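Q: Before I ask anything, here is the structure I am working with.
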Amino acid sequence: QLVSEERAWIGCFGEVLAMFEKPVVVDCKGHMLGRLASIVAKELLNGQHVVLVRCEETNMSGSFFRNKLKYLSFLRKRTNVNPTKGPLHFRAPSRIVWRTIRGMIPHKSSRGVAALERLTVCDGVPSAYSAQKKMVIPDALRVNRLKPHRKYCVLGRLSHEVGWKYRDLVQKMEEKRKIDGAAYHEKARAQKQILAKATAAVDA
């Protein structure tokens with residue numbers, strides 16, 4: 001059965017969607033970086049618009065010390081004659097996630113360029129997406145993919161150690177967002193209870 005002129009599609013996000021109908025907002029907290037990137041890259045190439053929020057909460061397998069050594073080694077890779085020609089070493093978690101996804105896409109072809117334009121990455125949760133429904137990708141969650149005794153690290157800490165300057169600001173904004181969200185839900189719950197009582201009184 002067709003849905004809005006496109007076939008019904010059960011995506012990796014676990015529900016039936018009309019393909020390309022609207023952007024999917026994914027909360028990156030607790031997701032493994034590589035598995036998240038590979039799944040999102042495939043969805044982008046298939047035409048889906050994806051927004052990734054809270055990229056600083058993404059997990060990486062391996063100890064923090066090991067991952068920091070690997071990234072410091074990466075920072076030493078540069079063009080000898082003119083370092084501005086690349087490679088570019090991103091420090092922000094959102095840009096690191098973006099670069100990981102780019103590596104899984106043929107980004108120099110027109111198809112790959114179009115796919116990357118469908119991707120939006122964010123540190124924290126911007127106000128534009130704070131009220132939208134957020135999804136997870138079960139196949140990329142650390143609790144599903146990494147054994148409990150294995151070591152892992154958080155991308156936000158790694159970024160902070162290699163030069164990202166906005167960890168404290170993002171944490172402050174996230175705390176404010178959570179307080180505002182809790183107040184909103186408490187108000188909505190109270191209104192729902194009042195409506196239920198009024199409905200019961202009318203029915204009685």
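Just so we're on the same page: first chain in the structure tokens is A, next is B, and so on; residues restart at 1 for each chain, and ligands are numbered from 1 in the order they show up.
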As a list in words, please: the residues near Leu116 (chain A) (cut-off 9 Å, only C-alpha atoms, same-chain neighbours under 6 positions excluded).

A: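 Residues near the query, excluding close chain neighbours: Ala41, Leu44, Leu45, Trp98, Ile101, Arg102, Ile105 and His107 of chain A.
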
Q: For the selection you just gave me, I'd like the residues written to a file as an mmCIF file, in the first residue's frame, keeping N, CA, C and O atoms.

A:
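Written out: result-v2.cif:
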data_model
loop_
_atom_site.group_PDB
_atom_site.id
_atom_site.type_symbol
_atom_site.label_atom_id
_atom_site.label_comp_id
_atom_site.auth_asym_id
_atom_site.auth_seq_id
_atom_site.Cartn_x
_atom_site.Cartn_y
_atom_site.Cartn_z
ATOM 1 N N ALA A 41 24.563 7.041 7.286
ATOM 2 C CA ALA A 41 25.059 7.237 5.925
ATOM 3 C C ALA A 41 24.163 6.535 4.909
ATOM 4 O O ALA A 41 23.852 7.090 3.841
ATOM 5 N N LEU A 44 20.917 8.470 4.498
ATOM 6 C CA LEU A 44 21.124 9.698 3.728
ATOM 7 C C LEU A 44 21.190 9.384 2.233
ATOM 8 O O LEU A 44 20.607 10.100 1.407
ATOM 9 N N LEU A 45 21.893 8.322 1.871
ATOM 10 C CA LEU A 45 22.002 7.943 0.462
ATOM 11 C C LEU A 45 20.660 7.493 -0.097
ATOM 12 O O LEU A 45 20.405 7.612 -1.298
ATOM 13 N N TRP A 98 30.182 14.227 11.873
ATOM 14 C CA TRP A 98 29.945 14.560 10.468
ATOM 15 C C TRP A 98 31.048 13.994 9.577
ATOM 16 O O TRP A 98 30.781 13.431 8.522
ATOM 17 N N ILE A 101 30.726 10.221 9.152
ATOM 18 C CA ILE A 101 29.671 9.876 8.192
ATOM 19 C C ILE A 101 30.132 10.181 6.767
ATOM 20 O O ILE A 101 29.875 9.397 5.842
ATOM 21 N N ARG A 102 30.822 11.298 6.593
ATOM 22 C CA ARG A 102 31.314 11.654 5.265
ATOM 23 C C ARG A 102 32.233 10.576 4.701
ATOM 24 O O ARG A 102 32.218 10.293 3.496
ATOM 25 N N ILE A 105 30.424 7.871 2.745
ATOM 26 C CA ILE A 105 29.610 8.351 1.625
ATOM 27 C C ILE A 105 30.543 8.741 0.482
ATOM 28 O O ILE A 105 31.616 9.322 0.732
ATOM 29 N N HIS A 107 31.447 11.222 -1.152
ATOM 30 C CA HIS A 107 31.106 12.629 -1.011
ATOM 31 C C HIS A 107 31.627 13.509 -2.147
ATOM 32 O O HIS A 107 31.302 14.691 -2.205
#

Q: Which residue, A:Gly124, A:Pro148, A:Gly34, A:Gly181, has the smallest gap to Ala92 (chain A) when you use only C-alpha atoms?

A: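 Among the listed residues, the smallest separation from Ala92 (chain A) belongs to A:Gly124.
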
Q: Distance CA of Tyr184 (chain A)-CA of Lys134 (chain A), one decimal place?

A: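 Pair CA of Tyr184 (chain A) / CA of Lys134 (chain A) returns 16.8 Å.
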
Q: Of the residues A:Leu158, A:Ala196, A:Arg189, A:Leu169, which is the one nearest to Lys70 (chain A), using only C-alpha atoms?

A: A:Leu158
